[in-house]
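**Q** The structure file work-v9.txt (compact mmCIF, C-alpha atoms) is provided below.
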```txt
# COMPACT_ATOMS: atom_id res chain seq x y z
CA MET A 456 211.75 42.63 47.11
CA GLU A 457 215.34 43.49 47.99
CA LYS A 458 216.52 41.68 44.83
CA VAL A 459 214.27 43.80 42.60
CA LYS A 460 215.60 46.98 44.19
CA ASN A 461 219.19 45.93 43.52
CA GLU A 462 218.53 45.19 39.88
CA ALA A 463 216.55 48.33 39.12
CA VAL A 464 218.13 50.62 36.49
CA ILE A 465 215.38 53.25 36.50
CA VAL A 466 213.30 54.13 39.54
CA ILE A 467 210.64 56.82 39.17
CA LYS A 468 208.92 58.10 42.29
CA ASP A 469 205.98 60.51 42.63
CA LEU A 470 206.71 62.21 39.32
CA VAL A 471 204.63 65.32 38.67
CA LYS A 472 204.69 67.37 35.48
CA ALA A 473 202.19 70.02 34.47
CA PHE A 474 202.00 72.42 31.55
CA GLY A 475 200.24 75.47 32.94
CA GLU A 476 197.01 74.32 34.56
CA LYS A 477 197.06 70.93 32.84
CA VAL A 478 198.60 68.22 34.99
CA ILE A 479 200.10 65.53 32.75
CA LEU A 480 201.91 63.31 35.23
CA ASP A 481 200.39 63.25 38.69
CA GLY A 482 202.51 61.19 41.06
CA PHE A 483 203.71 58.56 38.59
CA ASN A 484 205.75 55.62 39.94
CA MET A 485 207.60 52.96 37.99
CA THR A 486 210.64 50.71 38.25
CA VAL A 487 212.56 49.24 35.32
CA GLU A 488 214.65 46.20 36.06
CA LYS A 489 217.93 45.42 34.37
CA GLY A 490 217.47 43.54 31.09
CA SER A 491 213.70 43.95 30.94
CA ASN A 492 211.44 45.56 28.36
CA VAL A 493 208.78 47.76 29.93
CA VAL A 494 206.02 48.92 27.61
CA ILE A 495 204.02 51.98 28.59
CA LEU A 496 200.44 51.98 27.34
CA GLY A 497 198.16 54.96 27.47
CA LYS A 498 195.79 57.08 25.45
CA SER A 499 197.09 59.84 23.19
CA GLY A 500 197.96 62.88 25.28
CA SER A 501 198.20 60.85 28.48
CA GLY A 502 201.83 61.88 28.99
CA LYS A 503 203.82 58.89 27.76
CA SER A 504 206.22 60.94 25.66
CA VAL A 505 206.46 63.54 28.43
CA LEU A 506 207.50 60.76 30.79
CA ILE A 507 210.41 59.52 28.67
CA LYS A 508 211.48 63.11 27.92
CA CYS A 509 211.66 63.66 31.69
CA ILE A 510 213.78 60.49 32.02
CA ILE A 511 216.33 61.72 29.45
CA GLY A 512 216.31 65.26 30.88
CA LEU A 513 214.68 66.98 27.91
CA LEU A 514 211.89 68.14 30.22
CA GLN A 515 212.23 69.17 33.83
CA PRO A 516 209.56 67.64 36.09
CA ASP A 517 207.81 69.82 38.67
CA SER A 518 208.50 67.35 41.46
CA GLY A 519 209.43 63.74 42.10
CA SER A 520 212.56 61.79 41.37
CA ILE A 521 213.93 59.79 38.44
CA HIS A 522 216.86 57.68 39.55
CA VAL A 523 218.93 56.45 36.61
CA PHE A 524 222.34 54.84 37.27
CA ASN A 525 222.15 56.02 40.89
CA GLY A 526 221.72 59.69 39.94
CA ASN A 527 218.54 61.73 40.17
CA VAL A 528 217.99 63.18 36.67
CA PRO A 529 216.14 66.39 37.74
CA GLU A 530 219.03 67.27 40.06
CA MET A 531 221.86 66.55 37.58
CA ASN A 532 224.00 69.36 36.19
CA GLU A 533 224.77 69.50 32.46
CA ASP A 534 227.93 67.38 32.67
CA GLU A 535 226.21 64.71 34.74
CA LEU A 536 223.29 64.72 32.30
CA ASP A 537 225.67 64.28 29.34
CA GLU A 538 227.32 61.37 31.15
CA ALA A 539 223.94 59.75 31.87
CA ARG A 540 222.74 60.38 28.31
CA SER A 541 225.75 58.53 26.93
CA LYS A 542 224.32 55.42 28.64
CA ILE A 543 220.72 56.02 27.55
CA GLY A 544 219.61 55.63 23.94
CA PHE A 545 216.54 57.41 22.64
CA LEU A 546 214.66 56.36 19.51
CA PHE A 547 212.49 59.27 18.47
CA GLN A 548 209.02 58.78 17.02
CA SER A 549 210.00 60.89 13.97
CA ASN A 550 213.45 59.18 13.80
CA ALA A 551 215.08 62.64 14.13
CA LEU A 552 217.85 61.88 11.65
CA TYR A 553 219.74 65.03 10.65
CA ASP A 554 218.51 65.64 7.12
CA SER A 555 221.52 67.74 6.10
CA MET A 556 223.92 64.86 6.87
CA THR A 557 224.59 61.49 5.24
CA ILE A 558 223.75 58.29 7.09
CA ARG A 559 227.46 57.89 7.94
CA GLU A 560 227.60 61.41 9.43
CA ASN A 561 224.37 60.80 11.34
CA LEU A 562 225.92 57.78 13.02
CA GLU A 563 229.31 59.41 13.56
CA PHE A 564 227.79 62.45 15.23
CA PRO A 565 226.99 60.98 18.69
CA LEU A 566 230.23 58.95 18.64
CA LEU A 567 232.45 61.97 18.09
CA ARG A 568 230.58 63.95 20.74
CA HIS A 569 230.64 61.41 23.55
CA TRP A 570 233.96 59.71 22.80
CA VAL A 571 236.10 62.70 21.91
CA ASP A 572 239.43 60.82 21.64
CA ILE A 573 238.15 58.01 19.46
CA GLU A 574 240.29 57.07 16.42
CA LYS A 575 238.93 57.54 12.88
CA GLU A 576 239.34 53.79 12.13
CA GLU A 577 237.36 52.90 15.25
CA VAL A 578 234.60 55.32 14.26
CA ASP A 579 234.39 53.73 10.79
CA ARG A 580 234.31 50.24 12.30
CA LEU A 581 231.53 51.10 14.78
CA VAL A 582 229.45 52.86 12.12
CA SER A 583 229.75 49.87 9.75
CA GLU A 584 228.93 47.43 12.56
CA ALA A 585 225.86 49.44 13.62
CA LEU A 586 224.54 49.53 10.06
CA GLU A 587 225.32 45.85 9.54
CA ASN A 588 223.18 45.05 12.61
CA VAL A 589 220.19 46.58 10.83
CA ASP A 590 221.16 45.23 7.36
CA LEU A 591 221.66 48.69 5.89
CA LEU A 592 225.40 48.90 5.29
CA HIS A 593 224.79 49.87 1.66
CA THR A 594 223.11 53.14 2.76
CA LEU A 595 226.31 54.48 4.34
CA ASP A 596 226.75 57.43 1.99
CA MET A 597 223.09 58.05 1.23
CA MET A 598 221.02 60.95 2.53
CA PRO A 599 218.02 60.31 4.84
CA SER A 600 215.69 61.67 2.14
CA GLU A 601 216.69 58.74 -0.10
CA LEU A 602 215.45 56.09 2.36
CA SER A 603 211.99 54.65 3.02
CA GLY A 604 210.17 55.01 6.37
CA GLY A 605 211.18 51.54 7.53
CA MET A 606 214.81 52.07 6.54
CA LEU A 607 214.87 55.42 8.35
CA LYS A 608 213.57 53.73 11.49
CA ARG A 609 216.30 51.07 11.24
CA VAL A 610 219.00 53.71 10.73
CA ALA A 611 217.62 55.64 13.72
CA LEU A 612 217.78 52.41 15.72
CA ALA A 613 221.39 51.90 14.60
CA ARG A 614 222.24 55.46 15.71
CA THR A 615 220.53 54.84 19.05
CA MET A 616 222.55 51.65 19.59
CA ILE A 617 225.92 52.94 18.43
CA LEU A 618 226.98 54.23 21.86
CA ARG A 619 226.07 50.83 23.33
CA PRO A 620 223.55 52.26 25.79
CA GLU A 621 222.50 50.32 28.86
CA VAL A 622 218.95 51.67 28.69
CA ILE A 623 216.95 52.49 25.55
CA LEU A 624 213.82 54.61 25.38
CA TYR A 625 211.64 53.92 22.35
CA ASP A 626 209.01 56.50 21.48
CA GLU A 627 206.40 54.66 19.40
CA PRO A 628 208.92 52.64 17.34
CA THR A 629 206.36 51.09 14.95
CA THR A 630 203.99 54.02 14.43
CA GLY A 631 203.36 54.76 10.76
CA LEU A 632 204.92 51.51 9.53
CA ASP A 633 203.21 48.65 7.74
CA PRO A 634 202.72 45.36 9.69
CA VAL A 635 205.66 43.61 7.99
CA THR A 636 208.11 46.46 8.66
CA SER A 637 206.70 46.81 12.19
CA ARG A 638 207.47 43.14 12.78
CA GLU A 639 211.02 43.68 11.45
CA ILE A 640 211.55 46.58 13.85
CA GLU A 641 210.18 44.54 16.78
CA ASP A 642 212.53 41.67 15.89
CA LEU A 643 215.44 44.12 15.66
CA ILE A 644 214.58 45.59 19.07
CA LEU A 645 214.59 42.10 20.59
CA LYS A 646 217.71 41.01 18.69
CA LEU A 647 219.73 44.06 19.72
CA GLN A 648 218.46 43.82 23.28
CA LYS A 649 219.62 40.21 23.48
CA LYS A 650 222.98 41.10 21.92
CA ASN A 651 223.71 44.13 24.08
CA HIS A 652 221.80 43.12 27.25
CA THR A 653 219.94 46.44 27.43
CA SER A 654 216.88 47.49 29.40
CA SER A 655 214.13 49.32 27.53
CA ILE A 656 211.12 51.49 27.97
CA ILE A 657 208.85 51.25 24.94
CA ILE A 658 205.93 53.54 24.27
CA SER A 659 203.51 52.00 21.83
CA HIS A 660 199.89 51.92 20.74
CA ASP A 661 200.60 48.96 18.49
CA MET A 662 199.28 45.97 20.46
CA ASN A 663 201.27 43.53 18.30
CA CYS A 664 204.43 45.41 19.24
CA VAL A 665 203.37 45.36 22.91
CA LYS A 666 202.68 41.63 22.77
CA ASN A 667 205.98 40.81 21.05
CA THR A 668 208.30 43.02 23.03
CA ALA A 669 206.90 43.52 26.55
CA ASP A 670 208.18 41.81 29.66
CA LEU A 671 206.06 44.20 31.68
CA VAL A 672 203.20 46.46 30.59
CA VAL A 673 202.49 49.65 32.53
CA LEU A 674 199.18 51.42 31.96
CA LEU A 675 199.43 55.20 32.29
CA LEU A 676 196.06 56.69 33.11
CA GLU A 677 195.28 60.19 34.39
CA GLY A 678 198.96 60.80 35.06
CA LYS A 679 199.38 57.76 37.29
CA CYS A 680 200.49 54.17 36.92
CA TYR A 681 197.01 52.63 36.81
CA THR A 682 198.23 49.06 36.73
CA GLU A 683 201.15 46.90 35.65
CA GLY A 684 201.61 43.29 34.69
CA THR A 685 202.53 40.97 31.86
CA TYR A 686 200.68 41.23 28.53
CA GLU A 687 198.74 38.08 29.30
CA GLU A 688 197.71 39.29 32.76
CA LEU A 689 196.41 42.57 31.42
CA GLU A 690 194.73 40.91 28.45
CA GLN A 691 192.65 38.79 30.80
CA SER A 692 191.66 41.68 33.05
CA ALA A 693 187.96 42.48 33.44
CA ASP A 694 188.67 46.14 34.20
CA GLN A 695 187.14 48.27 31.42
CA ASN A 696 190.02 50.77 31.52
CA ILE A 697 192.43 47.95 30.72
CA LYS A 698 190.16 45.97 28.42
CA GLN A 699 189.67 48.87 25.99
CA PHE A 700 193.32 48.56 24.87
CA PHE A 701 192.99 44.87 24.09
CA GLU A 702 189.66 44.93 22.21
CA MET B 24 194.05 97.50 27.26
CA THR B 25 195.33 96.81 23.75
CA LEU B 26 198.06 99.40 24.23
CA ILE B 27 199.13 97.77 27.48
CA VAL B 28 199.15 94.35 25.83
CA ARG B 29 201.23 95.70 22.94
CA LEU B 30 203.63 97.41 25.32
CA LYS B 31 203.96 94.20 27.32
CA ARG B 32 204.61 92.25 24.13
CA PHE B 33 207.22 94.79 23.00
CA LEU B 34 208.98 94.65 26.37
CA ASN B 35 208.89 90.84 26.28
CA GLU B 36 210.43 90.83 22.80
CA THR B 37 213.10 93.32 23.87
CA GLY B 38 213.84 91.17 26.91
CA ASN B 39 214.10 88.07 24.72
CA VAL B 40 216.54 89.78 22.35
CA ALA B 41 218.65 90.95 25.32
CA ARG B 42 218.57 87.45 26.82
CA PHE B 43 219.51 85.91 23.47
CA THR B 44 222.46 88.30 23.10
CA GLY B 45 223.56 87.63 26.67
CA ARG B 46 223.32 83.87 26.13
CA PHE B 47 225.32 84.14 22.92
CA PHE B 48 228.18 85.93 24.66
CA SER B 49 228.06 83.78 27.81
CA THR B 50 227.84 80.33 26.20
CA GLY B 51 228.23 80.69 22.46
CA ILE B 52 231.80 81.87 22.41
CA LYS B 53 233.20 79.47 25.02
CA PRO B 54 235.02 76.27 23.92
CA ARG B 55 234.37 73.69 22.59
CA TYR B 56 234.28 75.48 19.22
CA GLU B 57 232.17 74.08 16.39
CA ASN B 58 234.70 74.98 13.67
CA ARG B 59 233.42 72.54 11.06
CA GLU B 60 229.84 73.72 11.41
CA LEU B 61 231.05 77.35 11.39
CA LEU B 62 232.85 76.79 8.05
CA ASN B 63 229.78 75.02 6.70
CA GLN B 64 227.60 77.97 7.68
CA CYS B 65 230.09 80.49 6.22
CA TYR B 66 229.72 78.61 2.93
CA ASN B 67 225.91 78.45 3.14
CA ILE B 68 225.42 81.98 4.41
CA GLY B 69 228.22 83.79 2.61
CA TYR B 70 229.10 82.01 -0.62
CA LEU B 71 225.54 80.97 -1.51
CA SER B 72 224.22 84.51 -0.87
CA PHE B 73 226.79 86.08 -3.17
CA PRO B 74 224.85 85.71 -6.48
CA LEU B 75 221.77 87.45 -5.05
CA VAL B 76 223.75 90.20 -3.34
CA GLY B 77 225.94 90.65 -6.45
CA LEU B 78 223.00 90.95 -8.83
CA THR B 79 221.13 93.39 -6.58
CA SER B 80 224.24 95.50 -6.07
CA PHE B 81 224.97 95.62 -9.80
CA ILE B 82 221.42 96.77 -10.61
CA MET B 83 221.50 99.27 -7.75
CA GLY B 84 224.73 100.90 -9.01
CA LEU B 85 223.50 101.01 -12.60
CA VAL B 86 220.06 102.45 -11.79
CA LEU B 87 221.38 104.95 -9.23
CA THR B 88 223.78 106.38 -11.85
CA MET B 89 221.10 106.58 -14.53
CA GLN B 90 218.68 108.34 -12.16
CA LEU B 91 221.26 110.82 -10.85
CA ARG B 92 222.65 111.89 -14.23
CA PRO B 93 219.73 114.17 -15.34
CA SER B 94 219.84 116.15 -12.07
CA LEU B 95 223.60 116.62 -12.26
CA VAL B 96 223.42 117.55 -15.95
CA GLU B 97 220.87 120.24 -15.04
CA TYR B 98 223.39 121.86 -12.69
CA GLY B 99 226.34 121.28 -15.03
CA VAL B 100 228.20 118.95 -12.67
CA GLU B 101 227.91 115.73 -14.65
CA SER B 102 231.63 115.15 -14.15
CA GLN B 103 230.96 114.67 -10.40
CA LEU B 104 228.73 111.63 -11.09
CA PRO B 105 231.38 109.00 -10.09
CA VAL B 106 232.15 110.89 -6.88
CA MET B 107 228.54 111.19 -5.88
CA VAL B 108 227.64 107.62 -6.73
CA GLY B 109 230.79 106.29 -5.03
CA LEU B 110 230.09 108.16 -1.78
CA ALA B 111 226.42 107.15 -1.72
CA ILE B 112 227.18 103.48 -2.36
CA VAL B 113 230.13 103.03 -0.02
CA ARG B 114 228.86 105.14 2.87
CA GLU B 115 225.17 104.22 3.08
CA ILE B 116 223.33 102.44 0.33
CA GLY B 117 225.72 99.51 -0.13
CA PRO B 118 225.80 98.33 3.51
CA VAL B 119 222.09 98.90 4.11
CA ILE B 120 220.84 97.25 0.90
CA THR B 121 223.25 94.30 1.31
CA ALA B 122 222.12 93.86 4.93
CA LEU B 123 218.44 93.98 3.94
CA ILE B 124 218.89 91.44 1.15
CA PHE B 125 220.99 89.29 3.46
CA ALA B 126 218.44 89.49 6.30
CA GLY B 127 215.59 88.57 3.96
CA LYS B 128 217.35 85.60 2.43
CA ILE B 129 219.31 84.27 5.40
CA GLY B 130 216.81 85.18 8.13
CA SER B 131 214.00 83.29 6.46
CA SER B 132 216.15 80.27 5.54
CA ILE B 133 217.57 79.98 9.08
CA GLY B 134 214.07 80.35 10.55
CA ALA B 135 212.68 77.65 8.26
CA GLU B 136 215.62 75.30 8.83
CA LEU B 137 215.59 75.54 12.63
CA GLY B 138 211.78 75.40 12.74
CA SER B 139 211.80 72.21 10.70
CA MET B 140 214.53 70.73 12.92
CA LYS B 141 212.46 71.52 16.02
CA VAL B 142 209.32 69.91 14.60
CA THR B 143 211.15 66.75 13.50
CA GLU B 144 212.83 66.44 16.93
CA GLN B 145 216.33 66.87 15.47
CA ILE B 146 217.12 69.50 18.12
CA ASP B 147 216.08 67.11 20.89
CA ALA B 148 218.22 64.42 19.22
CA MET B 149 221.20 66.78 19.39
CA THR B 150 220.62 67.41 23.10
CA VAL B 151 220.42 63.67 23.72
CA SER B 152 223.67 63.22 21.76
CA GLY B 153 225.48 65.59 24.14
CA ILE B 154 225.47 68.59 21.82
CA LYS B 155 224.41 72.04 22.97
CA PRO B 156 221.94 73.07 20.24
CA PHE B 157 222.30 76.78 21.04
CA LYS B 158 226.04 76.58 20.55
CA TYR B 159 225.95 74.27 17.53
CA LEU B 160 223.00 75.74 15.65
CA VAL B 161 222.62 79.32 16.83
CA ALA B 162 226.08 80.59 17.81
CA THR B 163 227.69 79.25 14.62
CA ARG B 164 225.08 81.00 12.48
CA VAL B 165 225.44 84.29 14.36
CA VAL B 166 229.25 84.18 14.03
CA ALA B 167 229.02 83.17 10.34
CA THR B 168 226.65 86.03 9.51
CA THR B 169 228.86 88.44 11.48
CA LEU B 170 231.89 87.36 9.44
CA MET B 171 230.14 87.12 6.07
CA LEU B 172 228.08 90.33 5.95
CA PRO B 173 231.09 92.72 5.99
CA LEU B 174 232.74 90.62 3.26
CA LEU B 175 229.59 90.57 1.16
CA THR B 176 229.21 94.32 1.69
CA ILE B 177 232.73 94.95 0.35
CA LEU B 178 232.10 92.68 -2.65
CA GLY B 179 228.64 94.20 -3.18
CA ASP B 180 230.11 97.73 -3.10
CA GLY B 181 232.68 96.72 -5.73
CA ILE B 182 230.03 95.20 -8.01
CA SER B 183 227.75 98.18 -7.45
CA LEU B 184 230.54 100.58 -8.46
CA PHE B 185 231.14 98.51 -11.59
CA GLY B 186 227.40 98.80 -12.36
CA ALA B 187 227.73 102.56 -11.84
CA TYR B 188 230.71 102.66 -14.24
CA LEU B 189 228.57 100.96 -16.93
CA GLY B 190 225.76 103.44 -16.14
CA VAL B 191 228.13 106.37 -16.68
CA ASN B 192 229.22 104.86 -20.01
CA ILE B 193 225.67 104.60 -21.35
CA ARG B 194 225.56 108.32 -22.15
CA SER B 195 229.25 109.25 -22.16
CA VAL B 196 232.64 107.63 -22.47
CA THR B 197 234.77 107.31 -19.36
CA SER B 198 237.63 104.90 -18.90
CA ILE B 199 237.41 102.44 -16.00
CA ASP B 200 240.71 103.82 -14.62
CA LEU B 201 239.41 107.38 -14.59
CA PHE B 202 236.05 106.34 -13.07
CA PHE B 203 237.61 104.44 -10.18
CA LEU B 204 240.29 107.09 -9.71
CA GLN B 205 237.55 109.69 -9.20
CA VAL B 206 235.62 107.39 -6.87
CA PHE B 207 238.57 106.52 -4.64
CA LYS B 208 239.91 110.07 -4.63
CA SER B 209 236.66 111.17 -2.99
CA LEU B 210 236.72 108.41 -0.41
CA ASP B 211 238.91 108.13 2.64
CA PHE B 212 239.29 105.59 5.40
CA SER B 213 236.65 107.26 7.58
CA ASP B 214 234.06 106.64 4.85
CA ILE B 215 234.81 102.96 4.45
CA LEU B 216 235.50 101.77 8.01
CA PRO B 217 232.30 103.06 9.73
CA ALA B 218 230.24 101.63 6.88
CA ILE B 219 231.79 98.19 7.39
CA ILE B 220 231.48 98.42 11.19
CA LYS B 221 227.84 99.37 10.71
CA THR B 222 227.21 96.00 9.06
CA LEU B 223 228.24 94.21 12.27
CA PHE B 224 225.30 95.85 14.07
CA LEU B 225 222.99 95.27 11.13
CA VAL B 226 223.79 91.54 11.44
CA LEU B 227 222.44 91.41 14.98
CA LEU B 228 219.36 93.43 14.02
```
Just dump the structure as structure tokens.
**A**
Amino acid sequence: MEKVKNEAVIVIKDLVKAFGEKVILDGFNMTVEKGSNVVILGKSGSGKSVLIKCIIGLLQPDSGSIHVFNGNVPEMNEDELDEARSKIGFLFQSNALYDSMTIRENLEFPLLRHWVDIEKEEVDRLVSEALENVDLLHTLDMMPSELSGGMLKRVALARTMILRPEVILYDEPTTGLDPVTSREIEDLILKLQKKNHTSSIIISHDMNCVKNTADLVVLLLEGKCYTEGTYEELEQSADQNIKQFFE
Amino acid sequence: MTLIVRLKRFLNETGNVARFTGRFFSTGIKPRYENRELLNQCYNIGYLSFPLVGLTSFIMGLVLTMQLRPSLVEYGVESQLPVMVGLAIVREIGPVITALIFAGKIGSSIGAELGSMKVTEQIDAMTVSGIKPFKYLVATRVVATTLMLPLLTILGDGISLFGAYLGVNIRSVTSIDLFFLQVFKSLDFSDILPAIIKTLFLVLL
């Protein structure tokens, strides 16, 4: 038990978030261990995206704590949040690439913001390396509108990885992609995780993605952590609330 | 009840505008400055608006002159046409029309651009990347419009006066030197400066 506590990179306790009368997260608890992939399963509108937006500080929870790198996110000031965010990558569901910038500029943007004194040559090297990791070096000077959905997702993944984050939050990384491209993205997630030794929280409805990437699956139901376990454990469960995701 | 709701909505809007202005002055003008984005916006907002502002100003000067001529001819003061047109354009019509055109074009394009960025999570991506979206997206656009509208107004006034010169020459013959001499003779600094300063407030509106 003590060992788990020492290795935890994210510890969420009694997290509550409501929008008006509607309570989305109602005392949610979760721990993410270093180097593990935690997949969060839940129905649409169950608060999965709200949860990871609370972790990165895009939303302020009503109560509870989110300890990331020994700091409590809801209590951090802007500078502390920026510091924490430089260690957390976020892959948006819509990719969120800046459509007025080239792929090179999209990747340079977070680098120049977080590492202000970085040399131009170093920026070029890191951008090329990040794109090489996703086999898209040839798109360097293209605009996002010139790329396919799968390529955009890979570029977004490269941008997420460029600051070498210790934790990555994936918001439905394979949604809207065909099975082959989904498999490529899953392989990339695993490959980059192995290479950079990152911990991840993955939100996904795609059970293939869950099966291929999850070390631990957490089921979010009615704002709470309903259950957690490995994919195989949950797959064999007789509980109807769990079974419905695996049918 | 409806009146109270409308009043509440109006007060809310007024409060939001005041809060926006306060936020702009408290955070938007502090370092770190987004100079590259500011230049980019000056180009988008100023340079790319110039054709529309120029064309509108030219037509405005031409039509204003053609419409004023018959009235002045009736009173036998046709020779005062350049003076009258010059004063009207520089003091009032030029700044107001330029600001209206500018607000229509730029206001809608900024609204659409930022709305699309919000929907596609680009603004959240900026926050996650350590960028203050208000400073990067909003303050730069406010400063760029504040810098560009006075410049466009001056250019628009010049083009409008040229349109007026062509309008004068449709029915009579006046040299360009004489036309502009008459215009500038009737204008002094107190006509030009308040009109330009006025544009700074029109930008915020």
**Q** For chain A, which residues have at least one atom within 8 Å of chain B, if we go by all atoms listed in the file? Write them as a VMD selection string, please.
**A** chain A and resid 511 513 537 540 to 541 545 547 549 to 553 564 to 565 568 to 569
**Q** Output C-alpha atoms of each residue in that selection to a file, as a short mmCIF file (atom, residue, chain, number, x, y, z; two decimals), in the frame of the given file.
**A**
```
data_model
loop_
_atom_site.label_atom_id
_atom_site.label_comp_id
_atom_site.auth_asym_id
_atom_site.auth_seq_id
_atom_site.Cartn_x
_atom_site.Cartn_y
_atom_site.Cartn_z
CA ILE A 511 216.33 61.72 29.45
CA LEU A 513 214.68 66.98 27.91
CA ASP A 537 225.67 64.28 29.34
CA ARG A 540 222.74 60.38 28.31
CA SER A 541 225.75 58.53 26.93
CA PHE A 545 216.54 57.41 22.64
CA PHE A 547 212.49 59.27 18.47
CA SER A 549 210.00 60.89 13.97
CA ASN A 550 213.45 59.18 13.80
CA ALA A 551 215.08 62.64 14.13
CA LEU A 552 217.85 61.88 11.65
CA TYR A 553 219.74 65.03 10.65
CA PHE A 564 227.79 62.45 15.23
CA PRO A 565 226.99 60.98 18.69
CA ARG A 568 230.58 63.95 20.74
CA HIS A 569 230.64 61.41 23.55
#
```
**Q** To one decimal in Å, tell me the separation between CA of Thr168 (chain B) and CA of Gly127 (chain B).
**A**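 Answer for the CA of Thr168 (chain B) to CA of Gly127 (chain B) separation: 12.6 Å.
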**Q** Rank B:Thr169, B:Gln205, B:Thr176, B:Asn39 by their smallest atom-to-atom distance to Glu115 (chain B), using all atoms listed in the file, and report the top residue only.
**A**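 Looking at the shortest contact to Glu115 (chain B), the residue is B:Thr176.
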**Q** At most 8 Å from (227.2, 100.4, -5.5), file frame, all atoms listed in the file: which residues, as number ranges by chain?
**A** B: 80-81, 83-84, 108-109, 111-113, 116-117, 179-187
**Q** Restricting the calculation to all atoms listed in the file: of B:Thr50, B:Leu172, B:Ile199, B:Gln90, which residue gets closest to Cys65 (chain B)?
**A**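 Ranked by minimum distance to Cys65 (chain B), first place goes to B:Leu172.
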**Q** Can you tell me, as number ranges by chain, what residues are no more than 9 Å from region 158-166 of chain B when counting all atoms listed in the file, ignoring any on the same chain fewer than 4 positions away?
**A** B: 47-48, 50-53, 56-58, 60-62, 64-65, 68, 133, 137, 146, 154, 170-171, 226-227
**Q** Excluding same-chain residues fewer than 4 positions from Val471 (chain A), what lies within 9 Å of it counting all atoms listed in the file, as a ChimeraX atom specification?
**A** /A:478-483,516-519,678
**Q** So which one's closest to Ser600 (chain A), A:Ile510, A:Leu581, A:Ile558, A:Leu496? Using all atoms listed in the file, please.
**A**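 Among the listed residues, the smallest separation from Ser600 (chain A) belongs to A:Ile558.
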**Q** Measure the distance from CA of Glu577 (chain A) to CA of Lys650 (chain A) in Å and round it to one decimal.
**A**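 About the pair CA of Glu577 (chain A) and CA of Lys650 (chain A): they are 19.8 Å apart.
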**Q** Would you mind completing region 167-180 of chain B so that it carries N, CA and C atoms, and writing it out as a PDB file, keeping the file's coordinate frame?
**A**
```
ATOM      1  N   ALA B 167     228.856  83.225  11.811  1.00  0.00           N
ATOM      2  CA  ALA B 167     229.020  83.170  10.340  1.00  0.00           C
ATOM      3  C   ALA B 167     228.416  84.401   9.670  1.00  0.00           C
ATOM      4  N   THR B 168     227.249  84.830  10.118  1.00  0.00           N
ATOM      5  CA  THR B 168     226.650  86.030   9.510  1.00  0.00           C
ATOM      6  C   THR B 168     227.497  87.267   9.850  1.00  0.00           C
ATOM      7  N   THR B 169     228.031  87.301  11.083  1.00  0.00           N
ATOM      8  CA  THR B 169     228.860  88.440  11.480  1.00  0.00           C
ATOM      9  C   THR B 169     230.131  88.519  10.629  1.00  0.00           C
ATOM     10  N   LEU B 170     230.667  87.359  10.276  1.00  0.00           N
ATOM     11  CA  LEU B 170     231.890  87.360   9.440  1.00  0.00           C
ATOM     12  C   LEU B 170     231.562  87.619   7.973  1.00  0.00           C
ATOM     13  N   MET B 171     230.443  87.096   7.514  1.00  0.00           N
ATOM     14  CA  MET B 171     230.140  87.120   6.070  1.00  0.00           C
ATOM     15  C   MET B 171     229.540  88.444   5.595  1.00  0.00           C
ATOM     16  N   LEU B 172     228.746  89.102   6.438  1.00  0.00           N
ATOM     17  CA  LEU B 172     228.080  90.330   5.950  1.00  0.00           C
ATOM     18  C   LEU B 172     229.084  91.430   5.588  1.00  0.00           C
ATOM     19  N   PRO B 173     230.100  91.706   6.407  1.00  0.00           N
ATOM     20  CA  PRO B 173     231.090  92.720   5.990  1.00  0.00           C
ATOM     21  C   PRO B 173     231.776  92.351   4.664  1.00  0.00           C
ATOM     22  N   LEU B 174     232.089  91.046   4.508  1.00  0.00           N
ATOM     23  CA  LEU B 174     232.740  90.620   3.260  1.00  0.00           C
ATOM     24  C   LEU B 174     231.814  90.809   2.062  1.00  0.00           C
ATOM     25  N   LEU B 175     230.562  90.416   2.248  1.00  0.00           N
ATOM     26  CA  LEU B 175     229.590  90.570   1.160  1.00  0.00           C
ATOM     27  C   LEU B 175     229.351  92.051   0.858  1.00  0.00           C
ATOM     28  N   THR B 176     229.395  92.886   1.896  1.00  0.00           N
ATOM     29  CA  THR B 176     229.210  94.320   1.690  1.00  0.00           C
ATOM     30  C   THR B 176     230.350  94.887   0.831  1.00  0.00           C
ATOM     31  N   ILE B 177     231.578  94.470   1.130  1.00  0.00           N
ATOM     32  CA  ILE B 177     232.730  94.950   0.350  1.00  0.00           C
ATOM     33  C   ILE B 177     232.606  94.488  -1.111  1.00  0.00           C
ATOM     34  N   LEU B 178     232.270  93.200  -1.286  1.00  0.00           N
ATOM     35  CA  LEU B 178     232.100  92.680  -2.650  1.00  0.00           C
ATOM     36  C   LEU B 178     230.932  93.369  -3.355  1.00  0.00           C
ATOM     37  N   GLY B 179     229.835  93.543  -2.609  1.00  0.00           N
ATOM     38  CA  GLY B 179     228.640  94.200  -3.180  1.00  0.00           C
ATOM     39  C   GLY B 179     228.947  95.623  -3.582  1.00  0.00           C
ATOM     40  N   ASP B 180     229.716  96.351  -2.761  1.00  0.00           N
ATOM     41  CA  ASP B 180     230.110  97.730  -3.100  1.00  0.00           C
ATOM     42  C   ASP B 180     230.905  97.748  -4.406  1.00  0.00           C
TER      43      ASP B 180
END
```
